[in-house]
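input30.txt follows (compact mmCIF, C-alpha atoms):
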# COMPACT_ATOMS: atom_id res chain seq x y z
CA MET A 1 -18.30 38.13 -74.40
CA ARG A 2 -16.66 38.01 -77.84
CA MET A 3 -18.65 37.81 -81.06
CA LEU A 4 -17.68 37.16 -84.67
CA VAL A 5 -19.91 38.63 -87.39
CA VAL A 6 -19.49 37.02 -90.82
CA GLU A 7 -21.27 39.39 -93.22
CA ASP A 8 -20.22 40.45 -96.72
CA GLU A 9 -22.31 43.64 -96.80
CA THR A 10 -20.02 46.23 -95.21
CA ARG A 11 -22.85 48.50 -94.14
CA ILE A 12 -24.71 45.71 -92.33
CA GLY A 13 -21.52 44.41 -90.72
CA ALA A 14 -20.65 47.86 -89.35
CA PHE A 15 -24.23 48.35 -88.15
CA LEU A 16 -24.21 45.03 -86.29
CA ALA A 17 -20.80 45.75 -84.78
CA ARG A 18 -22.03 49.06 -83.33
CA ALA A 19 -25.22 47.48 -82.01
CA PHE A 20 -23.48 44.56 -80.30
CA GLU A 21 -20.68 46.71 -78.91
CA ALA A 22 -23.39 48.85 -77.28
CA GLU A 23 -24.61 45.60 -75.67
CA GLY A 24 -21.16 44.97 -74.19
CA PHE A 25 -19.72 42.56 -76.77
CA THR A 26 -16.26 42.72 -78.26
CA VAL A 27 -17.01 42.33 -81.97
CA ASP A 28 -14.92 41.26 -84.96
CA VAL A 29 -16.35 41.51 -88.48
CA VAL A 30 -15.15 39.62 -91.56
CA GLY A 31 -16.60 39.75 -95.06
CA ASP A 32 -16.24 36.29 -96.59
CA GLY A 33 -16.70 32.65 -95.71
CA VAL A 34 -13.04 31.65 -95.83
CA GLN A 35 -12.02 34.33 -93.33
CA GLY A 36 -15.08 33.62 -91.24
CA LEU A 37 -14.28 29.92 -90.92
CA SER A 38 -10.62 30.60 -90.12
CA ARG A 39 -11.38 33.20 -87.45
CA ALA A 40 -14.15 31.11 -85.89
CA LEU A 41 -11.86 28.09 -85.62
CA THR A 42 -8.91 29.96 -84.16
CA GLY A 43 -10.49 32.78 -82.13
CA SER A 44 -11.96 32.66 -78.63
CA TYR A 45 -15.52 33.58 -79.56
CA ASP A 46 -18.69 33.05 -77.55
CA LEU A 47 -21.07 33.44 -80.51
CA VAL A 48 -20.96 33.69 -84.32
CA ILE A 49 -23.47 35.68 -86.38
CA LEU A 50 -23.34 34.08 -89.84
CA ASP A 51 -24.71 35.21 -93.19
CA LEU A 52 -25.26 32.47 -95.77
CA LEU A 53 -24.71 34.26 -99.10
CA LEU A 54 -20.96 34.77 -98.73
CA PRO A 55 -18.08 35.02 -101.19
CA GLY A 56 -15.29 32.48 -100.95
CA LEU A 57 -17.25 29.85 -99.02
CA ASP A 58 -21.00 29.43 -98.69
CA GLY A 59 -22.38 30.03 -95.21
CA LEU A 60 -23.91 26.57 -94.93
CA GLU A 61 -20.52 25.05 -95.71
CA VAL A 62 -18.93 27.29 -93.08
CA LEU A 63 -21.55 26.07 -90.59
CA ALA A 64 -20.99 22.43 -91.49
CA ARG A 65 -17.23 22.69 -90.99
CA LEU A 66 -17.62 24.60 -87.74
CA GLN A 67 -19.93 21.96 -86.35
CA GLN A 68 -17.39 19.27 -87.23
CA GLN A 69 -14.47 21.06 -85.61
CA ARG A 70 -15.99 23.35 -82.93
CA PRO A 71 -19.42 21.91 -82.17
CA GLN A 72 -19.78 23.85 -78.92
CA LEU A 73 -19.51 27.26 -80.62
CA PRO A 74 -23.05 28.70 -81.03
CA VAL A 75 -23.87 29.97 -84.53
CA LEU A 76 -26.85 32.25 -85.18
CA ILE A 77 -27.74 32.61 -88.87
CA VAL A 78 -28.91 35.96 -90.25
CA SER A 79 -29.67 35.59 -93.96
CA ALA A 80 -31.80 36.79 -96.85
CA ARG A 81 -32.54 33.12 -97.52
CA GLY A 82 -35.70 32.80 -95.48
CA ASP A 83 -37.33 29.74 -97.07
CA LEU A 84 -38.24 26.85 -94.78
CA ALA A 85 -35.97 24.33 -96.52
CA THR A 86 -32.90 26.49 -95.94
CA LYS A 87 -33.88 27.18 -92.35
CA LEU A 88 -34.28 23.48 -91.64
CA ARG A 89 -30.96 22.74 -93.32
CA GLY A 90 -29.30 25.34 -91.10
CA PHE A 91 -30.75 23.77 -87.97
CA GLU A 92 -29.80 20.28 -89.14
CA LEU A 93 -26.21 21.50 -89.51
CA GLY A 94 -26.20 22.81 -85.95
CA ALA A 95 -27.30 26.48 -85.99
CA VAL A 96 -28.76 27.58 -82.65
CA ASP A 97 -31.10 30.14 -84.22
CA TYR A 98 -32.09 31.59 -87.60
CA LEU A 99 -33.32 35.08 -88.46
CA ALA A 100 -34.33 36.10 -91.98
CA LYS A 101 -33.43 39.47 -93.51
CA PRO A 102 -34.78 42.09 -93.33
CA PHE A 103 -34.78 41.73 -89.57
CA SER A 104 -35.62 43.80 -86.53
CA LEU A 105 -32.53 44.79 -84.55
CA GLU A 106 -34.50 44.45 -81.32
CA GLU A 107 -35.42 40.86 -82.22
CA LEU A 108 -31.82 39.99 -83.11
CA LEU A 109 -30.57 41.45 -79.84
CA ALA A 110 -33.24 39.55 -77.91
CA ARG A 111 -32.29 36.27 -79.57
CA THR A 112 -28.63 36.96 -78.89
CA ARG A 113 -29.35 37.53 -75.21
CA VAL A 114 -31.07 34.13 -75.09
CA GLN A 115 -27.92 32.47 -76.44
CA VAL A 116 -25.75 34.34 -73.93
CA ARG A 117 -27.95 33.17 -71.04
CA ARG A 118 -27.79 29.60 -72.32
CA ALA A 119 -24.02 29.74 -72.64
CA ARG A 120 -23.60 31.14 -69.14
CA GLY A 121 -25.98 28.53 -67.74
CA ALA A 122 -24.05 25.72 -69.41
CA ASP A 123 -20.77 27.06 -68.04
CA THR A 124 -21.95 27.35 -64.44
CA THR A 125 -24.30 24.43 -63.91
CA GLY A 126 -21.56 22.00 -62.89
CA THR A 127 -23.89 19.00 -62.77
CA THR A 128 -24.64 15.79 -64.64
CA LEU A 129 -27.80 13.96 -65.61
CA GLN A 130 -28.09 10.19 -65.80
CA VAL A 131 -30.65 7.94 -67.45
CA GLY A 132 -29.73 4.27 -67.36
CA ARG A 133 -26.08 3.98 -68.42
CA LEU A 134 -26.14 7.34 -70.20
CA VAL A 135 -24.50 10.23 -68.33
CA LEU A 136 -24.71 13.79 -69.64
CA ASP A 137 -21.94 16.14 -68.51
CA ILE A 138 -23.76 19.48 -68.74
CA PRO A 139 -20.85 21.96 -68.45
CA ARG A 140 -18.79 20.06 -71.04
CA ARG A 141 -21.80 19.16 -73.23
CA ARG A 142 -20.53 15.60 -73.34
CA ALA A 143 -22.50 12.36 -73.27
CA LYS A 144 -20.99 9.12 -71.97
CA ILE A 145 -22.11 5.51 -72.06
CA GLY A 146 -19.62 3.22 -70.38
CA ASP A 147 -16.16 4.22 -71.54
CA ALA A 148 -17.35 5.93 -74.74
CA ALA A 149 -17.65 9.72 -74.54
CA VAL A 150 -19.14 11.98 -77.24
CA ASP A 151 -18.91 15.77 -77.52
CA LEU A 152 -22.30 17.02 -78.69
CA HIS A 153 -23.25 19.78 -81.08
CA ASP A 154 -25.38 22.50 -79.51
CA ARG A 155 -28.72 21.32 -80.90
CA GLU A 156 -28.04 17.66 -80.08
CA PHE A 157 -27.01 18.60 -76.56
CA ARG A 158 -30.16 20.62 -75.99
CA LEU A 159 -32.39 17.88 -77.40
CA LEU A 160 -30.77 15.18 -75.27
CA HIS A 161 -30.76 17.44 -72.21
CA PHE A 162 -34.49 18.11 -72.60
CA LEU A 163 -35.34 14.42 -73.04
CA MET A 164 -33.24 13.45 -70.02
CA LEU A 165 -34.83 16.15 -67.87
CA HIS A 166 -38.18 14.55 -68.75
CA ALA A 167 -36.98 10.95 -68.51
CA GLY A 168 -39.82 8.45 -68.69
CA GLU A 169 -42.14 11.02 -70.25
CA VAL A 170 -43.22 10.84 -73.89
CA VAL A 171 -42.29 14.18 -75.49
CA SER A 172 -44.01 15.07 -78.76
CA ARG A 173 -42.11 16.28 -81.81
CA GLN A 174 -44.06 19.54 -81.75
CA ARG A 175 -43.05 20.16 -78.13
CA LEU A 176 -39.41 19.45 -78.97
CA LEU A 177 -39.58 21.86 -81.91
CA SER A 178 -40.97 24.53 -79.61
CA GLU A 179 -38.74 23.91 -76.58
CA VAL A 180 -35.43 23.01 -78.26
CA TRP A 181 -35.60 24.87 -81.57
CA GLY A 182 -37.67 27.76 -80.24
CA PHE A 183 -40.02 27.99 -83.22
CA ASP A 184 -43.38 26.56 -84.24
CA PHE A 185 -42.40 24.83 -87.46
CA ASP A 186 -44.68 22.91 -89.73
CA PRO A 187 -45.38 19.74 -87.70
CA ARG A 188 -44.61 17.70 -90.83
CA SER A 189 -40.97 18.75 -90.56
CA ASN A 190 -38.51 15.93 -89.88
CA VAL A 191 -35.82 18.09 -88.24
CA VAL A 192 -36.40 16.42 -84.84
CA ASP A 193 -36.15 12.94 -86.33
CA VAL A 194 -32.91 13.86 -88.13
CA CYS A 195 -31.39 15.14 -84.88
CA VAL A 196 -32.48 12.02 -82.97
CA ARG A 197 -30.92 9.79 -85.64
CA ARG A 198 -27.63 11.69 -85.31
CA LEU A 199 -27.73 11.26 -81.53
CA ARG A 200 -28.36 7.54 -81.83
CA ARG A 201 -25.47 7.13 -84.28
CA GLN A 202 -23.16 8.98 -81.91
CA LEU A 203 -24.28 7.24 -78.73
CA GLY A 204 -24.51 3.74 -80.18
CA PRO A 205 -27.02 0.92 -79.69
CA ASP A 206 -27.30 1.50 -75.93
CA ALA A 207 -28.70 5.01 -76.35
CA PRO A 208 -31.83 5.15 -74.15
CA ILE A 209 -33.90 7.15 -76.63
CA GLU A 210 -37.11 5.37 -77.55
CA THR A 211 -39.46 6.20 -80.41
CA VAL A 212 -43.10 6.10 -79.34
CA ARG A 213 -45.09 5.62 -82.51
CA ASN A 214 -47.37 8.53 -83.43
CA ALA A 215 -46.47 10.25 -80.16
CA GLY A 216 -42.82 11.32 -79.98
CA TYR A 217 -39.70 10.28 -78.10
CA ARG A 218 -38.82 9.16 -74.58
CA ALA A 219 -35.59 8.84 -72.61
CA ALA A 220 -35.97 5.55 -70.76
CA ALA A 221 -33.67 3.66 -68.41
What does the file become when written as C-alpha cells?
Amino acid sequence: MRMLVVEDETRIGAFLARAFEAEGFTVDVVGDGVQGLSRALTGSYDLVILDLLLPGLDGLEVLARLQQQRPQLPVLIVSARGDLATKLRGFELGAVDYLAKPFSLEELLARTRVQVRRARGADTTGTTLQVGRLVLDIPRRRAKIGDAAVDLHDREFRLLHFLMLHAGEVVSRQRLLSEVWGFDFDPRSNVVDVCVRRLRRQLGPDAPIETVRNAGYRAAA
C-alpha cells in the first residue's frame, strides 16, 4: 500500500512517515498543496493524508480538485482546523475521514486501517447491486442507469451502496451519518442532504432515491 502525506510541518511529516512505514506502507511526504495535488494526481497511491493549512494551495482546494479528477482516491484530512463547519465542508468535498490536531497516533492508525480494509473490500468484491434500473458496480464504484454510467466519489459511493443494501427500507439521516460518515454529528447537519442532491444530479431523474419526509431516505424500485 502506498500513501502520500501532504503536510507542511517537517517534523510532523517525518513522524507520520515513520509511523506508517512501520505499518507496512510505502510513504511519500510533500510540504505544500501544489506538490501534493501534482503527486496525488500522477502517483499510484492508495490513500492521501492531507493537511488543510498548506502553502501554495489550500488543502480544501487540493481536495476539491482531487475529487474532480481522481474521485476514487481516498483522502483522510488531518488538520488543526477542527471546527464543525470546516469538517462538514471537507466531507462535502469528498474526504473519507477527518481528524483534528492534536491527534492520537493510535487513533490515526486505526482510522487508516479502516480505509485500507474498505479499499481492499471494494477491490475484491466483484459484484453488483441493482435497484430498479440502477446498477451499482461495486469494484469500479460506478453507477449505471440505462446507457449512462457515472464514476462516484468515495462518500457518494458509500451512501448509495448503503441505501441499495437496504433497498425498500427508510434510512434516517442520523443512521446515514453514523454508518457512512462514521461520526455522530449534530443531527441538524445537512451533509447527508447535500450528498443525496449530488447523487441525484449525477444519476438523473430516474435515480431511485426517495425522500421520506421527517424520516430519511429510501432506495426504491
Notebook entry, point to check: With only C-alpha atoms as the atoms that count, which of A:Leu159, A:Gln72, A:Arg213, A:Ala219 lies nearest to Arg140 of chain A?
Noted result: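 Of A:Leu159, A:Gln72, A:Arg213, A:Ala219, the one nearest Arg140 of chain A is A:Gln72, counting only C-alpha atoms.
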Next item on the list: Can you work out which one of A:Leu4, A:Val131, A:Ala95, A:Val34 has the shortest atom-to-atom distance to Ala220 of chain A, counting only C-alpha atoms?
Entry: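 Closest residue, counting only C-alpha atoms: A:Val131.
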Notebook entry, point to check: Any idea what the distance is between atom CA of Ala22 of chain A and atom CA of Gly94 of chain A?
Noted result: 27.6 Å
Margin query: To one decimal place in Å, what is the distance between atom CA of Arg158 of chain A and atom CA of Pro74 of chain A?
Written below: 11.9 Å
Item checked: Proximity to Arg113 of chain A - best of A:Leu203, A:Gln68, A:Leu76, A:Asp83, all atoms listed in the file ->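 Answer, going by the shortest atom-to-atom distance: A:Leu76.
Between atom CA of Lys101 of chain A and atom CA of Ala80 of chain A the separation is 4.6 Å.
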Checklist line | Shell around Val30 of chain A at 12 Å using only C-alpha atoms, local window under 6 positions removed, as a PyMOL selection string | finding: chain A and resi 3-10+12-14+16-17+36-40+48-51+54-56
Checklist line | Residue nearest Arg200 of chain A - candidates A:Glu156, A:Leu108, A:Leu73, A:Arg133, atoms counted: all atoms listed in the file | finding: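 Nearest candidate to Arg200 of chain A out of A:Glu156, A:Leu108, A:Leu73, A:Arg133: A:Glu156.
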Next item on the list: May I have the protein, DNA and RNA residues with an atom at most 10 Å from (-31.0, 12.8, -83.4), counting only C-alpha atoms in the file's coordinates, returned as a list in words?
Entry: Glu92, Arg155, Glu156, Phe157, Leu159, Leu160, Val191, Val192, Asp193, Val194, Cys195, Val196, Arg197, Arg198, Leu199, Arg200, Arg201, Gln202, Leu203 and Ile209 of chain A
Taking C-alpha atoms for each residue, export the selection above as a CSV table (one decimal), keeping the file's coordinate frame.
chain,number,residue,atom,x,y,z
A,92,GLU,CA,-29.8,20.3,-89.1
A,155,ARG,CA,-28.7,21.3,-80.9
A,156,GLU,CA,-28.0,17.7,-80.1
A,157,PHE,CA,-27.0,18.6,-76.6
A,159,LEU,CA,-32.4,17.9,-77.4
A,160,LEU,CA,-30.8,15.2,-75.3
A,191,VAL,CA,-35.8,18.1,-88.2
A,192,VAL,CA,-36.4,16.4,-84.8
A,193,ASP,CA,-36.2,12.9,-86.3
A,194,VAL,CA,-32.9,13.9,-88.1
A,195,CYS,CA,-31.4,15.1,-84.9
A,196,VAL,CA,-32.5,12.0,-83.0
A,197,ARG,CA,-30.9,9.8,-85.6
A,198,ARG,CA,-27.6,11.7,-85.3
A,199,LEU,CA,-27.7,11.3,-81.5
A,200,ARG,CA,-28.4,7.5,-81.8
A,201,ARG,CA,-25.5,7.1,-84.3
A,202,GLN,CA,-23.2,9.0,-81.9
A,203,LEU,CA,-24.3,7.2,-78.7
A,209,ILE,CA,-33.9,7.2,-76.6
Next item on the list: Give me the residues within 9 Å of Arg2 of chain A as a list of chain:residue names, counting all atoms listed in the file and dropping any in the same chain fewer than 5 places off.
Entry: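 Selected residues are A:Phe25, A:Thr26, A:Val27, A:Asp28, A:Ser44, A:Tyr45, A:Asp46, A:Leu47, A:Val48.
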Notebook entry, point to check: For Asp206 of chain A, which residue out of A:Gly132, A:Gly182, A:Pro71, A:Gly82 is the nearest one, using all atoms listed in the file?
Noted result: A:Gly132
